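K.L.:
To be precise about what I am sending: the file is called run_16.cif and holds mmCIF, C-alpha atoms and all ligand atoms.
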data_entry
loop_
_atom_site.label_atom_id
_atom_site.label_comp_id
_atom_site.auth_asym_id
_atom_site.auth_seq_id
_atom_site.Cartn_x
_atom_site.Cartn_y
_atom_site.Cartn_z
CA MET A 1 -12.07 -5.89 1.98
CA PHE A 2 -11.41 -9.66 2.22
CA SER A 3 -8.46 -11.66 0.96
CA TYR A 4 -8.92 -13.79 -2.15
CA TYR A 5 -6.71 -15.92 -4.35
CA GLY A 6 -5.17 -13.85 -7.15
CA SER A 7 -6.26 -10.52 -5.70
CA LYS A 8 -4.47 -7.44 -6.99
CA SER A 9 -3.73 -6.16 -3.47
CA LYS A 10 0.07 -6.05 -3.94
CA VAL A 11 0.06 -4.42 -7.38
CA VAL A 12 -3.03 -2.23 -7.41
CA ASN A 13 -0.96 0.97 -7.18
CA TYR A 14 0.83 0.20 -10.45
CA TYR A 15 -2.29 0.44 -12.65
CA PRO A 16 -3.33 3.74 -14.23
CA PRO A 17 -6.07 5.61 -12.33
CA PRO A 18 -9.58 5.64 -13.81
CA LYS A 19 -10.34 8.27 -16.49
CA PHE A 20 -14.10 7.76 -16.20
CA ASN A 21 -16.40 8.15 -13.22
CA LYS A 22 -17.80 4.65 -13.62
CA ILE A 23 -15.53 1.64 -13.00
CA ILE A 24 -16.64 -1.78 -14.23
CA GLU A 25 -14.86 -4.90 -12.94
CA PRO A 26 -16.30 -7.79 -14.97
CA PHE A 27 -14.06 -10.35 -13.19
CA ALA A 28 -14.51 -8.82 -9.76
CA GLY A 29 -13.04 -11.27 -7.23
CA SER A 30 -12.10 -9.12 -4.24
CA ALA A 31 -12.15 -5.99 -6.47
CA ARG A 32 -8.98 -4.29 -5.25
CA TYR A 33 -8.95 -1.72 -8.05
CA SER A 34 -12.52 -0.55 -7.32
CA LEU A 35 -11.74 -0.43 -3.59
CA LYS A 36 -8.83 1.91 -4.27
CA TYR A 37 -11.15 4.25 -6.21
CA TRP A 38 -14.26 3.43 -4.16
CA GLN A 39 -15.79 6.90 -4.46
CA ASN A 40 -16.41 6.35 -8.18
CA ASP A 41 -19.55 4.62 -9.44
CA VAL A 42 -18.66 0.93 -9.36
CA LEU A 43 -20.17 -2.13 -11.02
CA LEU A 44 -18.85 -5.52 -9.92
CA VAL A 45 -19.62 -8.69 -11.86
CA ASP A 46 -18.41 -12.23 -11.20
CA LYS A 47 -19.60 -15.64 -12.33
CA TYR A 48 -18.80 -17.26 -8.96
CA LYS A 49 -22.00 -17.01 -6.89
CA VAL A 50 -20.23 -17.20 -3.51
CA ILE A 51 -18.14 -14.10 -4.25
CA ILE A 52 -21.18 -12.11 -5.36
CA ASP A 53 -23.22 -13.25 -2.35
CA VAL A 54 -20.39 -12.14 -0.03
CA TRP A 55 -20.19 -8.72 -1.73
CA LYS A 56 -23.98 -8.27 -1.47
CA TYR A 57 -23.87 -9.29 2.20
CA LEU A 58 -21.12 -6.73 2.89
CA LYS A 59 -23.02 -4.03 1.00
CA SER A 60 -26.04 -4.43 3.28
CA ALA A 61 -24.16 -5.24 6.51
CA SER A 62 -23.86 -2.83 9.42
CA LYS A 63 -20.65 -2.39 11.43
CA ASN A 64 -22.23 -4.37 14.25
CA ASP A 65 -23.20 -7.27 11.91
CA ILE A 66 -19.48 -7.72 11.21
CA LEU A 67 -18.12 -7.01 14.70
CA LYS A 68 -20.49 -9.46 16.41
CA LEU A 69 -19.16 -12.41 14.34
CA PRO A 70 -17.06 -15.01 16.20
CA ARG A 71 -13.25 -15.26 15.96
CA LEU A 72 -12.29 -18.91 15.58
CA LYS A 73 -9.42 -20.72 17.32
CA SER A 74 -7.27 -23.08 15.27
CA GLY A 75 -9.20 -26.32 14.59
CA GLU A 76 -12.66 -24.84 15.28
CA ASN A 77 -15.34 -25.30 12.62
CA LEU A 78 -17.83 -22.68 11.39
CA ASN A 79 -20.57 -25.31 11.42
CA ASP A 80 -20.31 -25.48 15.21
CA PHE A 81 -21.41 -21.84 15.52
CA CYS A 82 -24.91 -20.43 15.17
CA LEU A 83 -24.39 -18.56 11.89
CA SER A 84 -26.39 -17.99 8.69
CA GLU A 85 -25.07 -19.54 5.45
CA ILE A 86 -23.80 -16.21 4.16
CA GLU A 87 -22.03 -15.43 7.46
CA LYS A 88 -20.29 -18.81 7.15
CA GLN A 89 -19.24 -18.08 3.59
CA PHE A 90 -17.89 -14.67 4.50
CA LEU A 91 -16.04 -15.97 7.58
CA GLY A 92 -14.77 -18.86 5.45
CA PHE A 93 -12.58 -16.32 3.62
CA ILE A 94 -11.50 -14.64 6.88
CA ILE A 95 -10.34 -17.67 8.88
CA VAL A 96 -7.93 -18.79 6.13
CA GLY A 97 -6.59 -16.07 3.84
CA GLY A 98 -5.80 -15.95 0.12
CA LEU A 99 -7.98 -18.85 -1.02
CA GLU A 100 -10.24 -19.30 -4.05
CA SER A 101 -13.21 -20.50 -1.96
CA PRO A 102 -14.29 -20.28 1.69
CA ARG A 103 -13.14 -22.88 4.23
CA GLN A 104 -14.99 -24.20 7.30
CA LYS A 105 -12.14 -25.04 9.65
CA ALA A 106 -9.82 -22.40 11.09
CA GLY A 107 -6.09 -22.91 10.59
CA SER A 108 -3.21 -21.74 12.78
CA PHE A 109 -1.96 -19.00 10.44
CA ARG A 110 -4.79 -16.55 11.16
CA ASP A 111 -5.21 -16.52 14.92
CA THR A 112 -8.14 -14.85 16.70
CA GLN A 113 -6.20 -11.58 17.07
CA LYS A 114 -5.52 -11.41 13.35
CA GLN A 115 -9.17 -12.24 12.54
CA ASN A 116 -10.26 -9.53 14.97
CA GLN A 117 -8.05 -6.98 13.23
CA ILE A 118 -9.41 -8.01 9.77
CA LEU A 119 -13.05 -7.84 10.88
CA LYS A 120 -12.54 -4.41 12.49
CA ASN A 121 -10.87 -3.18 9.33
CA ILE A 122 -13.77 -4.46 7.18
CA ALA A 123 -16.37 -2.96 9.53
CA ASN A 124 -14.65 0.42 9.22
CA GLN A 125 -14.66 0.26 5.42
CA LEU A 126 -18.28 -0.79 4.83
CA PHE A 127 -19.33 2.79 4.06
CA LYS A 128 -17.18 2.69 0.90
CA ILE A 129 -19.33 0.15 -0.93
CA LYS A 130 -22.88 1.25 -0.09
CA HIS A 131 -23.36 2.85 -3.54
CA TRP A 132 -21.81 0.00 -5.55
CA GLU A 133 -23.78 -2.20 -7.94
CA ILE A 134 -23.05 -5.92 -7.62
CA LYS A 135 -24.19 -8.52 -10.16
CA LEU A 136 -23.88 -12.26 -10.62
CA GLY A 137 -23.11 -13.16 -14.24
CA SER A 138 -20.55 -13.64 -16.94
CA TYR A 139 -18.46 -10.78 -18.34
CA ASN A 140 -19.98 -11.21 -21.82
CA GLU A 141 -23.53 -10.49 -20.59
CA LEU A 142 -22.66 -6.87 -19.80
CA GLU A 143 -23.86 -3.79 -21.64
CA ASN A 144 -21.04 -1.89 -23.36
CA GLU A 145 -21.20 1.27 -21.26
CA GLU A 146 -18.63 4.08 -21.40
CA ALA A 147 -16.52 3.46 -18.30
CA THR A 148 -13.12 2.47 -17.02
CA TRP A 149 -13.09 -1.29 -17.59
CA PHE A 150 -10.70 -3.03 -15.21
CA ILE A 151 -10.55 -6.53 -16.67
CA ASP A 152 -8.74 -9.14 -14.57
CA PRO A 153 -9.71 -12.65 -15.76
CA PRO A 154 -8.09 -15.85 -14.45
CA TYR A 155 -4.62 -16.08 -16.02
CA GLN A 156 -4.49 -17.89 -19.37
CA PHE A 157 -1.66 -19.99 -17.96
CA GLY A 158 -2.20 -20.65 -14.26
CA GLY A 159 -5.83 -19.60 -13.67
CA HIS A 160 -7.30 -23.08 -13.22
CA GLU A 161 -7.65 -22.81 -9.41
CA TYR A 162 -10.81 -20.68 -9.51
CA LYS A 163 -14.28 -22.23 -9.22
CA CYS A 164 -15.01 -20.36 -12.48
CA SER A 165 -11.67 -21.01 -14.13
CA ASN A 166 -9.76 -20.23 -17.33
CA LYS A 167 -10.91 -23.59 -18.75
CA GLN A 168 -14.29 -22.06 -19.52
CA ILE A 169 -12.83 -18.95 -21.18
CA ASP A 170 -12.26 -18.58 -24.94
CA PHE A 171 -9.33 -16.15 -24.81
CA ASN A 172 -9.59 -15.17 -28.51
CA ASN A 173 -13.19 -14.08 -27.95
CA LEU A 174 -12.21 -12.38 -24.71
CA ALA A 175 -9.51 -10.38 -26.54
CA GLU A 176 -12.07 -9.08 -29.08
CA TRP A 177 -14.54 -8.34 -26.30
CA CYS A 178 -11.90 -6.39 -24.31
CA LYS A 179 -10.84 -4.29 -27.31
CA SER A 180 -14.46 -3.41 -28.12
CA ARG A 181 -15.24 -1.86 -24.69
CA ASN A 182 -16.22 1.83 -24.65
CA GLY A 183 -13.99 4.10 -22.60
CA GLN A 184 -10.73 3.22 -20.86
CA ILE A 185 -9.70 -0.42 -21.01
CA ILE A 186 -7.19 -1.94 -18.60
CA VAL A 187 -6.56 -5.67 -19.03
CA CYS A 188 -4.48 -7.64 -16.50
CA GLU A 189 -2.42 -10.76 -17.17
CA ASN A 190 1.09 -12.09 -16.68
CA THR A 191 3.80 -12.09 -19.35
CA LYS A 192 3.18 -15.75 -20.25
CA ALA A 193 -0.17 -14.83 -21.82
CA THR A 194 -0.47 -14.81 -25.61
CA TRP A 195 -4.04 -13.59 -26.22
CA MET A 196 -3.22 -9.86 -26.33
CA ASP A 197 -0.07 -7.81 -26.73
CA PHE A 198 0.61 -7.41 -23.02
CA LYS A 199 3.37 -5.12 -21.70
CA PRO A 200 5.42 -6.20 -18.66
CA MET A 201 4.57 -4.23 -15.55
CA ILE A 202 6.18 -5.58 -12.38
CA LYS A 203 7.83 -8.77 -11.09
CA MET A 204 5.89 -10.64 -8.40
CA GLN A 205 6.99 -13.38 -6.01
CA GLY A 206 4.06 -15.81 -5.80
CA CYS A 207 3.86 -18.69 -3.26
CA ILE A 208 5.89 -20.93 -5.56
CA HIS A 209 6.84 -19.10 -8.78
CA LYS A 210 8.09 -15.66 -9.76
CA THR A 211 5.84 -14.10 -12.40
CA THR A 212 5.72 -10.76 -14.14
CA GLU A 213 2.40 -8.93 -14.05
CA ALA A 214 1.44 -7.46 -17.42
CA ILE A 215 -1.01 -4.89 -18.77
CA TRP A 216 -2.82 -3.98 -21.99
CA SER A 217 -4.58 -0.64 -22.31
CA ASN A 218 -6.10 1.42 -25.12
CA TYR A 219 -4.53 4.51 -23.49
CA ARG A 220 -0.80 5.12 -23.14
CA THR A 221 0.66 3.78 -19.89
CA ASN A 222 4.09 3.98 -18.23
CA TYR A 223 4.73 0.45 -19.47
CA ASP A 224 4.55 1.21 -23.23
CA ASN A 225 8.18 2.22 -23.66
CA VAL A 226 9.82 -1.14 -24.14
CA GLN A 227 13.45 -0.98 -25.12
CA ILE A 228 14.12 -1.92 -28.75
CA LYS A 229 17.43 -3.64 -29.49
CA ILE A 230 19.08 -2.18 -32.60
CA GLU A 231 21.51 -4.45 -34.47
CA LEU A 232 24.51 -2.45 -35.82
C1 LIG B 1 -8.08 -13.01 -11.07
S1 LIG B 1 -9.65 -13.09 -10.24
C2 LIG B 1 -10.01 -11.38 -10.04
C3 LIG B 1 -9.21 -10.79 -8.92
C4 LIG B 1 -9.58 -9.35 -8.60
N1 LIG B 1 -9.06 -8.42 -9.56
C5 LIG B 1 -9.10 -8.98 -7.20
O1 LIG B 1 -8.43 -7.93 -7.01
O2 LIG B 1 -9.40 -9.75 -6.26
C6 LIG B 1 -10.70 -13.62 -11.52
C7 LIG B 1 -12.19 -13.72 -11.17
O3 LIG B 1 -12.91 -13.98 -12.40
C8 LIG B 1 -14.05 -14.77 -12.10
N2 LIG B 1 -14.54 -15.34 -13.38
C9 LIG B 1 -14.10 -16.42 -14.06
N3 LIG B 1 -14.79 -16.57 -15.21
C10 LIG B 1 -15.67 -15.54 -15.27
C11 LIG B 1 -16.65 -15.11 -16.24
N4 LIG B 1 -16.87 -15.78 -17.37
N5 LIG B 1 -17.33 -13.97 -16.01
C12 LIG B 1 -17.15 -13.26 -14.85
N6 LIG B 1 -16.25 -13.63 -13.89
C13 LIG B 1 -15.53 -14.74 -14.11
C14 LIG B 1 -13.55 -15.76 -11.06
O4 LIG B 1 -14.62 -16.27 -10.30
C15 LIG B 1 -12.59 -14.87 -10.24
O5 LIG B 1 -13.27 -14.34 -9.12
#
Could you render the structure as structure tokens?
Ligand SMILES: C[S@@+](CC[C@H](N)C(=O)[O-])C[C@H]1O[C@@H](n2cnc3c(N)ncnc32)[C@H](O)[C@@H]1O

P.N.:
Amino acid sequence: MFSYYGSKSKVVNYYPPPKFNKIIEPFAGSARYSLKYWQNDVLLVDKYKVIIDVWKYLKSASKNDILKLPRLKSGENLNDFCLSEIEKQFLGFIIVGGLESPRQKAGSFRDTQKQNQILKNIANQLFKIKHWEIKLGSYNELENEEATWFIDPPYQFGGHEYKCSNKQIDFNNLAEWCKSRNGQIIVCENTKATWMDFKPMIKMQGCIHKTTEAIWSNYRTNYDNVQIKIEL
């Protein structure tokens, strides 16, 4: 729906599809997995209030609410437009893409045409999220329902950019919490992580570094068959 730092947009097709009708994303961000399977029952949770406020705004917005928003030229500032706080926060993600928090000043990378295309695309997808449940909170406050749990926390190594970052996460506790979920569990990380036995999934070229996305699941996945070297 909107671009966000660390979103799973490029790799979402590599994860196993949900086995349960309800999908829970306890580290929602821009919720790419739920958007792919939007027809399911979806519960989004995130500790970062801005993200949850933006999701709630989109859930209640009409097509016209989105289409009537201004497209900003490079250098223009959202504070110079007559907009509500939540409209500014939402547009703050649109005028500069791929960031961990909204910005106020438009850059040159996303010109008005590009913003127009993004807003039209969002307006046309609003119907997908009308039945979703969206909650502000921490992952560990959730009831242990039977569901497909798509768990994508900030990376253990490299997730410090978020407003609610890896510094506040006890990864040993998180590992126990993940394993104790009812239903299908899909945990996302990169191969540098040590807090669960992650399997390599796919190489990614980030802005600066190459990383390998990794997965842990309580069900078999295509990534379980790692080659074992036999010494003769
Ligand atoms: C890697 S991002 C999720 C990206 C998401 N899968 C997507 O496709 O956009 C991690 C998210 O976890 C949130 N977060 C960090 N600590 C949290 C906590 N204790 N409980 C819930 N969410 C948390 C951050 O605010 C951030 O939005």

K.L.:
Which residues are near ligand LIG 1 (chain B) - at most 9 Å, using all atoms listed in the file? Format: as a ChimeraX atom specification.

P.N.:
/A:2-9,12,25-35,45-51,100,136-141,150-155,159,162-169,188-189

K.L.:
Return the single residue from A:Thr212, A:Gln205, A:Thr148, A:Asn222 that is closest to Arg181 (chain A), with distances computed using all atoms listed in the file.

P.N.:
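Going through A:Thr212, A:Gln205, A:Thr148, A:Asn222 one by one, the smallest distance to Arg181 (chain A) is for A:Thr148.
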
K.L.:
In Å, how far is it from CA of Leu119 (chain A) to CA of Glu161 (chain A)?

P.N.:
25.8 Å

K.L.:
Please write as a ChimeraX atom specification the list of polymer residues whose atoms come within 12 Å of (1.6, -8.5, -26.2), counting all atoms listed in the file and keeping to the coordinates of the file.

P.N.:
/A:175,187-201,214-217,223-224,226

K.L.:
Counting only C-alpha atoms, what is within 6 Å of region 76-92 of chain A, bar same-chain residues fewer than 4 positions away, as a list in words?

P.N.:
Val54, Leu72, Pro102, Arg103, Gln104, Lys105 and Ala106 of chain A

K.L.:
Counting only C-alpha atoms, find residues at most 7 Å from (-7.1, -22.5, 11.1) (file frame) and give them as a PyMOL selection string.

P.N.:
chain A and resi 73-75+95-96+105-110

K.L.:
How about saving the chosen residues, C-alpha atoms kept, as a tab-separated table (two decimals), in the frame of the given file?

P.N.:
chain	number	residue	atom	x	y	z
A	73	LYS	CA	-9.42	-20.72	17.32
A	74	SER	CA	-7.27	-23.08	15.27
A	75	GLY	CA	-9.20	-26.32	14.59
A	95	ILE	CA	-10.34	-17.67	8.88
A	96	VAL	CA	-7.93	-18.79	6.13
A	105	LYS	CA	-12.14	-25.04	9.65
A	106	ALA	CA	-9.82	-22.40	11.09
A	107	GLY	CA	-6.09	-22.91	10.59
A	108	SER	CA	-3.21	-21.74	12.78
A	109	PHE	CA	-1.96	-19.00	10.44
A	110	ARG	CA	-4.79	-16.55	11.16

K.L.:
Check the smallest atom-to-atom distance from each of A:Ala123, A:Ile24, A:Ile129, A:Leu99 to Ile186 (chain A) using only C-alpha atoms, then report the winner.

P.N.:
A:Ile24

K.L.:
Please measure the separation of CA of Lys19 (chain A) and CA of Phe127 (chain A), giving the value in Å to one decimal.

P.N.:
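About the pair CA of Lys19 (chain A) and CA of Phe127 (chain A): they are 23.1 Å apart.
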
K.L.:
What does the distance from CA of Lys135 (chain A) to CA of Lys68 (chain A) come to in Å, to one decimal?

P.N.:
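These two atoms are separated by 26.8 Å.
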
K.L.:
Work out where the centre of an axis-aligned box around every listed atom of region 220-226 of chain A lies and how long its edges are once 5 Å is added on each side; give both in Å to one decimal as AutoDock Vina command-line options.

P.N.:
--center_x 4.5 --center_y 2.0 --center_z -21.2 --size_x 20.6 --size_y 16.3 --size_z 15.9

K.L.:
Quick one: of A:Leu69, A:Leu44, A:Val11, A:Ile134, who's nearest to Lys120 (chain A), counting only C-alpha atoms?

P.N.:
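Of A:Leu69, A:Leu44, A:Val11, A:Ile134, the one nearest Lys120 (chain A) is A:Leu69, counting only C-alpha atoms.
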
K.L.:
For a quick check of understanding, using only C-alpha atoms, which of A:Pro70, A:Ile52, A:Gly183, A:Leu126 has the smallest distance to Gln113 (chain A)?

P.N.:
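Closest candidate: A:Pro70.
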
K.L.:
I'd like the neighbourhood of Lys203 (chain A) as a list of chain:residue names, where a residue qualifies if any of its atoms comes within 8 Å (using only C-alpha atoms), though same-chain residues fewer than 6 positions away should be ignored.

P.N.:
A:Lys210, A:Thr211, A:Thr212, A:Glu213

K.L.:
Export C-alpha atoms of the chosen residues as an mmCIF file, keeping the file's coordinate frame?

P.N.:
data_model
loop_
_atom_site.group_PDB
_atom_site.id
_atom_site.type_symbol
_atom_site.label_atom_id
_atom_site.label_comp_id
_atom_site.auth_asym_id
_atom_site.auth_seq_id
_atom_site.Cartn_x
_atom_site.Cartn_y
_atom_site.Cartn_z
ATOM 1 C CA LYS A 210 8.090 -15.660 -9.760
ATOM 2 C CA THR A 211 5.840 -14.100 -12.400
ATOM 3 C CA THR A 212 5.720 -10.760 -14.140
ATOM 4 C CA GLU A 213 2.400 -8.930 -14.050
#

K.L.:
Give the answer as one residue: which of A:Ser180, A:Asn116, A:Asn124, A:Ser60 has the shortest atom-to-atom distance to Glu146 (chain A), using only C-alpha atoms?

P.N.:
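For Glu146 (chain A), the nearest of the candidates is A:Ser180.
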
K.L.:
Quick one: residues within 9 Å of Asn21 (chain A), all atoms listed in the file counted, chain neighbours fewer than 2 positions away excluded, as an NGL selection string?

P.N.:
:A and (18-19 or 23 or 39-42 or 147-148)

K.L.:
Find the residue from A:Asn64, A:Asn218, A:Asn121, A:Asn225 that sits nearest to Cys178 (chain A); use only C-alpha atoms when measuring.

P.N.:
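Looking only at the distances to Cys178 (chain A), the closest residue turns out to be A:Asn218.
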
K.L.:
Would you kindly place N, CA, C and O atoms on region 172-198 of chain A and return the model as a PDB file, in the coordinates of the input?

P.N.:
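As written to disk, rebuild_4.pdb reads:
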ATOM      1  N   ASN A 172      -9.518 -15.968 -27.268  1.00  0.00           N
ATOM      2  CA  ASN A 172      -9.590 -15.170 -28.510  1.00  0.00           C
ATOM      3  C   ASN A 172     -10.828 -14.282 -28.495  1.00  0.00           C
ATOM      4  O   ASN A 172     -10.765 -13.102 -28.834  1.00  0.00           O
ATOM      5  N   ASN A 173     -11.957 -14.876 -28.070  1.00  0.00           N
ATOM      6  CA  ASN A 173     -13.190 -14.080 -27.950  1.00  0.00           C
ATOM      7  C   ASN A 173     -13.031 -12.995 -26.908  1.00  0.00           C
ATOM      8  O   ASN A 173     -13.477 -11.867 -27.090  1.00  0.00           O
ATOM      9  N   LEU A 174     -12.389 -13.358 -25.801  1.00  0.00           N
ATOM     10  CA  LEU A 174     -12.210 -12.380 -24.710  1.00  0.00           C
ATOM     11  C   LEU A 174     -11.372 -11.194 -25.194  1.00  0.00           C
ATOM     12  O   LEU A 174     -11.673 -10.041 -24.862  1.00  0.00           O
ATOM     13  N   ALA A 175     -10.362 -11.467 -26.020  1.00  0.00           N
ATOM     14  CA  ALA A 175      -9.510 -10.380 -26.540  1.00  0.00           C
ATOM     15  C   ALA A 175     -10.358  -9.406 -27.367  1.00  0.00           C
ATOM     16  O   ALA A 175     -10.261  -8.184 -27.190  1.00  0.00           O
ATOM     17  N   GLU A 176     -11.209  -9.944 -28.247  1.00  0.00           N
ATOM     18  CA  GLU A 176     -12.070  -9.080 -29.080  1.00  0.00           C
ATOM     19  C   GLU A 176     -13.030  -8.297 -28.195  1.00  0.00           C
ATOM     20  O   GLU A 176     -13.263  -7.112 -28.406  1.00  0.00           O
ATOM     21  N   TRP A 177     -13.587  -8.979 -27.220  1.00  0.00           N
ATOM     22  CA  TRP A 177     -14.540  -8.340 -26.300  1.00  0.00           C
ATOM     23  C   TRP A 177     -13.850  -7.187 -25.543  1.00  0.00           C
ATOM     24  O   TRP A 177     -14.391  -6.090 -25.431  1.00  0.00           O
ATOM     25  N   CYS A 178     -12.630  -7.441 -25.053  1.00  0.00           N
ATOM     26  CA  CYS A 178     -11.900  -6.390 -24.310  1.00  0.00           C
ATOM     27  C   CYS A 178     -11.673  -5.177 -25.197  1.00  0.00           C
ATOM     28  O   CYS A 178     -11.957  -4.041 -24.792  1.00  0.00           O
ATOM     29  N   LYS A 179     -11.186  -5.417 -26.429  1.00  0.00           N
ATOM     30  CA  LYS A 179     -10.840  -4.290 -27.310  1.00  0.00           C
ATOM     31  C   LYS A 179     -12.076  -3.486 -27.713  1.00  0.00           C
ATOM     32  O   LYS A 179     -11.955  -2.336 -28.112  1.00  0.00           O
ATOM     33  N   SER A 180     -13.248  -4.108 -27.664  1.00  0.00           N
ATOM     34  CA  SER A 180     -14.460  -3.410 -28.120  1.00  0.00           C
ATOM     35  C   SER A 180     -15.151  -2.628 -26.991  1.00  0.00           C
ATOM     36  O   SER A 180     -16.213  -2.042 -27.211  1.00  0.00           O
ATOM     37  N   ARG A 181     -14.590  -2.610 -25.790  1.00  0.00           N
ATOM     38  CA  ARG A 181     -15.240  -1.860 -24.690  1.00  0.00           C
ATOM     39  C   ARG A 181     -15.175  -0.351 -24.958  1.00  0.00           C
ATOM     40  O   ARG A 181     -14.187   0.138 -25.515  1.00  0.00           O
ATOM     41  N   ASN A 182     -16.198   0.369 -24.516  1.00  0.00           N
ATOM     42  CA  ASN A 182     -16.220   1.830 -24.650  1.00  0.00           C
ATOM     43  C   ASN A 182     -15.538   2.461 -23.439  1.00  0.00           C
ATOM     44  O   ASN A 182     -15.855   2.097 -22.308  1.00  0.00           O
ATOM     45  N   GLY A 183     -14.628   3.384 -23.706  1.00  0.00           N
ATOM     46  CA  GLY A 183     -13.990   4.100 -22.600  1.00  0.00           C
ATOM     47  C   GLY A 183     -12.544   3.670 -22.431  1.00  0.00           C
ATOM     48  O   GLY A 183     -11.827   3.429 -23.396  1.00  0.00           O
ATOM     49  N   GLN A 184     -12.116   3.597 -21.180  1.00  0.00           N
ATOM     50  CA  GLN A 184     -10.730   3.220 -20.860  1.00  0.00           C
ATOM     51  C   GLN A 184     -10.695   1.722 -20.568  1.00  0.00           C
ATOM     52  O   GLN A 184     -11.509   1.233 -19.773  1.00  0.00           O
ATOM     53  N   ILE A 185      -9.764   1.038 -21.196  1.00  0.00           N
ATOM     54  CA  ILE A 185      -9.700  -0.420 -21.010  1.00  0.00           C
ATOM     55  C   ILE A 185      -8.354  -0.769 -20.375  1.00  0.00           C
ATOM     56  O   ILE A 185      -7.287  -0.394 -20.894  1.00  0.00           O
ATOM     57  N   ILE A 186      -8.405  -1.474 -19.262  1.00  0.00           N
ATOM     58  CA  ILE A 186      -7.190  -1.940 -18.600  1.00  0.00           C
ATOM     59  C   ILE A 186      -7.347  -3.453 -18.457  1.00  0.00           C
ATOM     60  O   ILE A 186      -8.292  -3.920 -17.814  1.00  0.00           O
ATOM     61  N   VAL A 187      -6.459  -4.209 -19.108  1.00  0.00           N
ATOM     62  CA  VAL A 187      -6.560  -5.670 -19.030  1.00  0.00           C
ATOM     63  C   VAL A 187      -5.331  -6.196 -18.285  1.00  0.00           C
ATOM     64  O   VAL A 187      -4.197  -5.797 -18.574  1.00  0.00           O
ATOM     65  N   CYS A 188      -5.566  -7.091 -17.327  1.00  0.00           N
ATOM     66  CA  CYS A 188      -4.480  -7.640 -16.500  1.00  0.00           C
ATOM     67  C   CYS A 188      -4.144  -9.059 -16.928  1.00  0.00           C
ATOM     68  O   CYS A 188      -5.045  -9.847 -17.213  1.00  0.00           O
ATOM     69  N   GLU A 189      -2.895  -9.390 -16.886  1.00  0.00           N
ATOM     70  CA  GLU A 189      -2.420 -10.760 -17.170  1.00  0.00           C
ATOM     71  C   GLU A 189      -1.028 -10.916 -16.590  1.00  0.00           C
ATOM     72  O   GLU A 189      -0.571 -10.053 -15.828  1.00  0.00           O
ATOM     73  N   ASN A 190      -0.349 -12.026 -16.924  1.00  0.00           N
ATOM     74  CA  ASN A 190       1.090 -12.090 -16.680  1.00  0.00           C
ATOM     75  C   ASN A 190       1.776 -12.236 -18.043  1.00  0.00           C
ATOM     76  O   ASN A 190       1.092 -12.393 -19.074  1.00  0.00           O
ATOM     77  N   THR A 191       3.105 -12.169 -18.061  1.00  0.00           N
ATOM     78  CA  THR A 191       3.800 -12.090 -19.350  1.00  0.00           C
ATOM     79  C   THR A 191       3.791 -13.421 -20.121  1.00  0.00           C
ATOM     80  O   THR A 191       4.236 -13.464 -21.261  1.00  0.00           O
ATOM     81  N   LYS A 192       3.274 -14.482 -19.499  1.00  0.00           N
ATOM     82  CA  LYS A 192       3.180 -15.750 -20.250  1.00  0.00           C
ATOM     83  C   LYS A 192       2.005 -15.726 -21.231  1.00  0.00           C
ATOM     84  O   LYS A 192       1.950 -16.530 -22.145  1.00  0.00           O
ATOM     85  N   ALA A 193       1.069 -14.834 -21.023  1.00  0.00           N
ATOM     86  CA  ALA A 193      -0.170 -14.830 -21.820  1.00  0.00           C
ATOM     87  C   ALA A 193       0.105 -14.449 -23.269  1.00  0.00           C
ATOM     88  O   ALA A 193       0.969 -13.616 -23.561  1.00  0.00           O
ATOM     89  N   THR A 194      -0.682 -15.055 -24.179  1.00  0.00           N
ATOM     90  CA  THR A 194      -0.470 -14.810 -25.610  1.00  0.00           C
ATOM     91  C   THR A 194      -1.699 -14.195 -26.284  1.00  0.00           C
ATOM     92  O   THR A 194      -1.674 -13.964 -27.487  1.00  0.00           O
ATOM     93  N   TRP A 195      -2.790 -13.973 -25.553  1.00  0.00           N
ATOM     94  CA  TRP A 195      -4.040 -13.590 -26.220  1.00  0.00           C
ATOM     95  C   TRP A 195      -4.179 -12.107 -26.503  1.00  0.00           C
ATOM     96  O   TRP A 195      -5.078 -11.697 -27.237  1.00  0.00           O
ATOM     97  N   MET A 196      -3.279 -11.271 -25.944  1.00  0.00           N
ATOM     98  CA  MET A 196      -3.220  -9.860 -26.330  1.00  0.00           C
ATOM     99  C   MET A 196      -1.745  -9.450 -26.224  1.00  0.00           C
ATOM    100  O   MET A 196      -0.933 -10.178 -25.658  1.00  0.00           O
ATOM    101  N   ASP A 197      -1.457  -8.258 -26.738  1.00  0.00           N
ATOM    102  CA  ASP A 197      -0.070  -7.810 -26.730  1.00  0.00           C
ATOM    103  C   ASP A 197       0.221  -7.115 -25.385  1.00  0.00           C
ATOM    104  O   ASP A 197       0.247  -5.891 -25.306  1.00  0.00           O
ATOM    105  N   PHE A 198       0.439  -7.951 -24.369  1.00  0.00           N
ATOM    106  CA  PHE A 198       0.610  -7.410 -23.020  1.00  0.00           C
ATOM    107  C   PHE A 198       2.006  -6.821 -22.827  1.00  0.00           C
ATOM    108  O   PHE A 198       2.983  -7.349 -23.358  1.00  0.00           O
TER     109      PHE A 198
END
